[in-house]
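To start, the structure itself, in structure tokens.
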Protein chains: 2
Amino acid sequence: MARLPEYLRALHNLAEAGDDTVSSEGLAAAAGVNSAKLRKDLSHLGSYGTRGVGYDVALLIDQIEFTLGLTQRRAVALVGVGNLGHALAGYAGFASRGFRIAALFDADQARVGEPINGLNVRHISDLAVVAAAESIAIGVIATPAAAAQDVADALVAAGVTSILNFAPCVLSVPEGVDVRKVDLAVELQILSFHEHRKSSLTALPGGLSSPNGLAATGTEEAVGS
Amino acid sequence: MARLPEYLRALHNLAEAGDDTVSSEGLAAAAGVNSAKLRKDLSHLGSYGTRGVGYDVALLIDQIEFTLGLTQRRAVALVGVGNLGHALAGYAGFASRGFRIAALFDADQARVGEPINGLNVRHISDLAVVAAAESIAIGVIATPAAAAQDVADALVAAGVTSILNFAPCVLSVPEGVDVRKVDLAVELQILSFHEHRKSSLTALPGGLSSPNGLAATGTEEAVGS
DNA sequence: AGGCGCTTGTGAACCCGTGCACAAATCGCG
DNA sequence: CGCGATTTGTGCACGGGTTCACAAGCGCCT
Ligand SMILES: NC(=O)c1ccc[n+]([C@@H]2O[C@H](COP(=O)([O-])OP(=O)(O)OC[C@H]3O[C@@H](n4cnc5c(N)ncnc54)[C@H](O)[C@@H]3O)[C@@H](O)[C@H]2O)c1
Ligand SMILES: NC(=O)c1ccc[n+]([C@@H]2O[C@H](COP(=O)([O-])OP(=O)(O)OC[C@H]3O[C@@H](n4cnc5c(N)ncnc54)[C@H](O)[C@@H]3O)[C@@H](O)[C@H]2O)c1
């Protein structure tokens, strides 16, 4: 499930706080989900808590990390060392969550050779050999949208089977390759939609009729203090 | 629906390409979704295409932009001008998608006053007055996780009712405030899970038994060339 | 040792999103 | 003017995710 990383983060927080066991209720609150959902998710991966007491934090962390394939530190390639690429390359949060940025690539010769965070930017033409040498299976695209498809093709040709795409465009990849897209403008537009809905609602204080029957789903967070 | 922004982006691309009308099939392909789903989405917002011909691109853009509340250019506040915050502040994609970064905030006095992209960083204590003056309803949090809840509280107190959170933590906000979270490490971990699943599958070539019954949903992209 | 309270695991109902398939409608052309 | 090609809009069934609710199991305290 896509919620396992959230559980994992919450568990690490609990482990740092010194907790040894957690109840499903407590972990659900820390991860911001329903407790029944969490129990069902955890049961699906065969992890057994002990009734009456809860889950063993350290054991559960191991279970989830194994399920997510984080027992090995995975190497990722970052393509496009521009505005966003710099921030990503300098981000310490990846290393602490099971990943190692193994190589940086760019098409701009002026950027090639630039050292970032102890790593030198390499030219995109080196992608294939470096990916093979470092056994890179995950690629991150932080190039303009116009170049994203070409980069994706190059990544796939280099043996990458999972791609995280920051460019606002749809990628077409062969079967067996997974793509996840992160589009920040889309996130803001969804928030804007909520703003629009809210202001329409306050304009009609009785709430007689909502402006439409739409409901945005996804990464939504249920409110509540 | 959360897919409207995707449709909008695809429509803008089509408009730039000079197309006047689109079939649901064509737009669905450009947005990477099923055509029936797209038609149902569009029918939900009352937009009427003409049968036998398709949808009017310009009209549909207006319809979707109205539904998303993008008729007015919305002002957003960005809090935390660090590694990631710099990239966001310098990103041109927000302006072209209906948003205006109206103010930058940070707690670090060394950063206050720094000009970024024609905007000066202000101290977080100015948030309330600036938000009121600029009528800011959307806030972006790009601070460390430890500070995120405090920043969220300050944003809410300043009248912000929608928050985009980049810090890896759950925020608790009062009812009526919407929060969307973007966690890049989570995205990578989901990809890692897919990698793990794929490698387990190839290890058992017959595919007799999948390692578990999990299926990650969400921003997934259906493969296919 | 036995009972009691707490927590997990899960059965089942429910709800919603998804996709198929088709009727209705519109345009272009003869 | 009428017909066929094309495309929208939608009824309906299916599947999966979500939630409630409760039985089963475990530890602790007496
Ligand atoms: N900066 C942000 O905060 C932000 C936010 C959301 C989305 N994005 C998206 O992320 C992408 C990158 O944004 P940015 O602001 O970093 O842009 P940028 O122009 O600063 O950086 C793009 C980099 O990609 C490199 N590049 C171009 N073509 C390439 C190719 N074929 N192969 C390899 N490298 C290539 C360029 O040399 C440049 O260094 C864009 O698609 C943008 O829409 C950025
Ligand atoms: N850099 C990335 O690529 C990246 C990727 C994913 C997630 N993130 C997350 O984004 C957040 C920011 O990352 P970063 O790399 O930019 O960190 P950073 O340390 O470079 O920047 C954080 C900024 O927030 C400011 N800040 C701290 N406390 C504040 C407060 N109370 N009010 C206002 N400002 C405050 C700091 O002064 C600093 O300028 C982190 O939570 C990180 O986990 C970053």
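Letters A, B, ... go to the chains of the structure tokens in the order shown; residues in each chain start at 1; ligands are counted from 1 in the same order.
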For this session: Compile the contact shell of stretch 43-57 of chain A as a PyMOL selection string: residues with an atom at most 12 Å away, counting only C-alpha atoms (C1' of nucleotides), same-chain residues fewer than 2 positions apart removed.
Result: (chain A and resi 1+4+7-28+36-41+59-68) or (chain B and resi 210-215) or (chain C and resi 4-10) or (chain D and resi 24-28)
inquiry  = Please return as a list of chain:residue names the residues found within 6 Å of ligand 2, counting only C-alpha atoms (C1' of nucleotides) and all ligand atoms.
reply    =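 Listing the residues within 6 Å of ligand 2 gives A:Ala87, A:Leu88, A:Tyr91, A:Gly93, B:Val79, B:Gly80, B:Val81, B:Gly82, B:Asn83, B:Leu84, B:Gly85, B:Asp106, B:Ala107, B:Asp108, B:Ile124, B:Ala142, B:Thr143, B:Pro144, B:Ala145, B:Ala147, B:Val151, B:Phe166, B:Ala167, B:Pro168, B:Asp183, B:Leu184.
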_Counting only C-alpha atoms (C1' of nucleotides), chain D residues within 7 Å of chain B, as a list in words_ =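 Written out as asked, the residues are DT6, DT7 and DT8 of chain D.
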Keeping only N, CA and C atoms (P, O5', C5', C4', C3', O3' and C1' of nucleotides), write the selected residues to a file as an mmCIF file, in the first residue's frame.
```cif
data_model
loop_
_atom_site.group_PDB
_atom_site.id
_atom_site.type_symbol
_atom_site.label_atom_id
_atom_site.label_comp_id
_atom_site.auth_asym_id
_atom_site.auth_seq_id
_atom_site.Cartn_x
_atom_site.Cartn_y
_atom_site.Cartn_z
ATOM 1 P P DT D 6 -16.402 7.468 -38.881
ATOM 2 O "O5'" DT D 6 -16.524 8.496 -37.673
ATOM 3 C "C5'" DT D 6 -16.754 9.867 -37.953
ATOM 4 C "C4'" DT D 6 -17.224 10.597 -36.705
ATOM 5 C "C3'" DT D 6 -16.551 10.111 -35.409
ATOM 6 O "O3'" DT D 6 -15.972 11.205 -34.740
ATOM 7 C "C1'" DT D 6 -18.892 10.277 -35.124
ATOM 8 P P DT D 7 -14.833 11.029 -33.660
ATOM 9 O "O5'" DT D 7 -15.529 11.631 -32.372
ATOM 10 C "C5'" DT D 7 -16.238 12.848 -32.486
ATOM 11 C "C4'" DT D 7 -17.261 12.966 -31.375
ATOM 12 C "C3'" DT D 7 -16.760 12.486 -29.996
ATOM 13 O "O3'" DT D 7 -16.957 13.502 -29.041
ATOM 14 C "C1'" DT D 7 -18.881 11.602 -30.466
ATOM 15 P P DT D 8 -16.363 13.322 -27.551
ATOM 16 O "O5'" DT D 8 -17.665 13.690 -26.708
ATOM 17 C "C5'" DT D 8 -18.333 14.908 -26.965
ATOM 18 C "C4'" DT D 8 -19.791 14.810 -26.526
ATOM 19 C "C3'" DT D 8 -19.974 14.697 -25.020
ATOM 20 O "O3'" DT D 8 -21.003 15.566 -24.597
ATOM 21 C "C1'" DT D 8 -21.034 12.877 -26.091
#
```
Counting only C-alpha atoms (C1' of nucleotides), closest pick from B:Lys181, B:Leu104, B:Glu6, B:Asn34 relative to chain C is B:Asn34
Find the residues in chain C near chain B: any atom within 7 Å counts, using only C-alpha atoms (C1' of nucleotides). Write them as a PyMOL selection string. chain C and resi 25-27
So which residues touch C:DC16 within 10 Å, counting only C-alpha atoms (C1' of nucleotides), skipping near sequence neighbours fewer than 5 positions away, as a PyMOL selection string?
-> chain D and resi 16-18
Problem set entry | Distance in Å - atom 10 (O, counted along the ligand's line) of ligand 1 versus atom CA of A:Gly139 |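 Straight-line distance from atom 10 (O, counted along the ligand's line) of ligand 1 to atom CA of A:Gly139 works out to 13.8 Å.
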- request: Could you tell me, as number ranges by chain, which residues of chain A DSSP assigns to strand (DSSP E or B) when given the backbone?
  value: A: 21-22, 50, 54-56, 74-79, 99-106, 115-116, 119-123, 138-141, 162-165, 173, 178-181, 220
Just to confirm, what's the straight-line distance from atom 8 (N, counted along the ligand's line) of ligand 1 to atom CA of B:Ile138 in Å (one decimal)?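 One can read the atom 8 (N, counted along the ligand's line) of ligand 1 to atom CA of B:Ile138 distance as 18.6 Å.
Considering the residues B:Ile141, B:Val33, B:Leu70, B:Ala92 and counting only C-alpha atoms and all ligand atoms, ligand 1 has its shortest atom-to-atom contact with B:Ala92.
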Neighbours of B:Ile163 within 10 Å (only C-alpha atoms (C1' of nucleotides); same-chain residues fewer than 4 positions away dropped), as a compact mmCIF listing (two decimals) with N, CA, C and O atoms, in the first residue's frame?
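selection_15.txt, written as the output of this step:
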```txt
# COMPACT_ATOMS: atom_id res chain seq x y z
N GLU A 187 -1.01 20.50 -7.24
CA GLU A 187 -1.37 20.54 -5.82
C GLU A 187 -1.98 21.87 -5.45
O GLU A 187 -2.99 21.95 -4.76
N LEU A 188 -1.36 22.94 -5.92
CA LEU A 188 -1.89 24.26 -5.61
C LEU A 188 -3.27 24.46 -6.23
O LEU A 188 -4.15 25.07 -5.64
N LEU A 191 -5.85 22.91 -4.14
CA LEU A 191 -6.15 23.78 -3.00
C LEU A 191 -7.00 24.96 -3.44
O LEU A 191 -7.93 25.37 -2.73
N VAL B 76 -0.15 33.29 -2.86
CA VAL B 76 0.32 32.27 -1.92
C VAL B 76 1.52 32.80 -1.16
O VAL B 76 2.30 33.60 -1.67
N ALA B 77 1.61 32.35 0.08
CA ALA B 77 2.75 32.69 0.92
C ALA B 77 3.64 31.47 1.05
O ALA B 77 3.16 30.36 1.24
N LEU B 78 4.94 31.68 0.93
CA LEU B 78 5.91 30.59 1.05
C LEU B 78 6.71 30.79 2.33
O LEU B 78 7.36 31.82 2.50
N ALA B 137 -4.60 33.37 0.95
CA ALA B 137 -5.42 32.28 1.48
C ALA B 137 -4.72 30.94 1.40
O ALA B 137 -5.19 29.96 1.96
N ILE B 138 -3.58 30.91 0.69
CA ILE B 138 -2.87 29.65 0.51
C ILE B 138 -1.45 29.81 1.02
O ILE B 138 -0.77 30.79 0.70
N GLY B 139 -1.00 28.85 1.82
CA GLY B 139 0.35 28.88 2.35
C GLY B 139 1.11 27.63 1.99
O GLY B 139 0.53 26.55 1.92
N VAL B 140 2.41 27.78 1.76
CA VAL B 140 3.28 26.65 1.45
C VAL B 140 4.32 26.55 2.55
O VAL B 140 4.98 27.54 2.88
N ILE B 141 4.45 25.36 3.13
CA ILE B 141 5.40 25.15 4.21
C ILE B 141 6.61 24.39 3.67
O ILE B 141 6.48 23.26 3.21
N ALA B 152 2.28 26.11 10.63
CA ALA B 152 0.89 25.88 10.23
C ALA B 152 -0.05 26.66 11.14
O ALA B 152 -1.01 27.30 10.67
N LEU B 155 0.08 30.24 10.17
CA LEU B 155 -0.63 30.47 8.91
C LEU B 155 -2.13 30.52 9.16
O LEU B 155 -2.84 31.41 8.66
N VAL B 156 -2.62 29.55 9.91
CA VAL B 156 -4.05 29.52 10.19
C VAL B 156 -4.47 30.79 10.93
O VAL B 156 -5.50 31.39 10.62
N LEU B 171 0.16 17.40 9.96
CA LEU B 171 -0.25 18.65 10.60
C LEU B 171 -1.67 18.49 11.13
O LEU B 171 -2.51 17.85 10.51
N VAL B 173 -4.86 20.74 11.98
CA VAL B 173 -5.39 22.07 11.71
C VAL B 173 -6.88 22.07 12.03
O VAL B 173 -7.52 21.01 12.02
N VAL B 177 -9.86 24.07 7.28
CA VAL B 177 -8.56 24.30 6.66
C VAL B 177 -8.14 23.03 5.93
O VAL B 177 -8.17 21.94 6.51
N ASP B 178 -7.76 23.17 4.68
CA ASP B 178 -7.34 22.01 3.89
C ASP B 178 -5.83 21.91 3.87
O ASP B 178 -5.13 22.92 3.74
N VAL B 179 -5.34 20.70 3.98
CA VAL B 179 -3.90 20.46 3.94
C VAL B 179 -3.62 19.40 2.89
O VAL B 179 -4.29 18.37 2.84
N ARG B 180 -2.65 19.66 2.07
CA ARG B 180 -2.13 18.63 1.16
C ARG B 180 -0.66 18.47 1.46
O ARG B 180 0.05 19.44 1.71
N LYS B 181 -0.22 17.23 1.44
CA LYS B 181 1.17 16.96 1.78
C LYS B 181 1.90 16.42 0.57
O LYS B 181 1.35 15.63 -0.20
```
Quiz prompt | Which of B:Glu134, B:Asp153, B:Glu175, B:Asp126 sits closest to chain A [using only C-alpha atoms] | solution =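 Smallest separation from chain A among the options: B:Glu175.
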Got a sec: who's within 8 Å of B:Ala132, counting only C-alpha atoms (C1' of nucleotides), leaving out chain neighbours fewer than 3 positions off, as a list of chain:residue names?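 Everything that qualifies: B:Ala128, B:Val129, B:Ser135, B:Ile136, B:Ala158, B:Gly159.
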Restricting to only C-alpha atoms, whichever of A:Val121, A:Ala89, A:Ala146, A:Val186 is closest to chain B is A:Val186
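When only C-alpha atoms are used to compute distances to chain B, the closest of the residues A:Gln72, A:Asp150, A:Gln109, A:Arg97 turns out to be A:Arg97.
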inquiry  = When you look at C:DG11 with a cut-off of 12 Å (counting only C-alpha atoms (C1' of nucleotides)), what residues show up, excluding the ones that are within fewer than 3 positions of it in the same chain? I need them as a ChimeraX atom specification.
reply    = /D:20-23
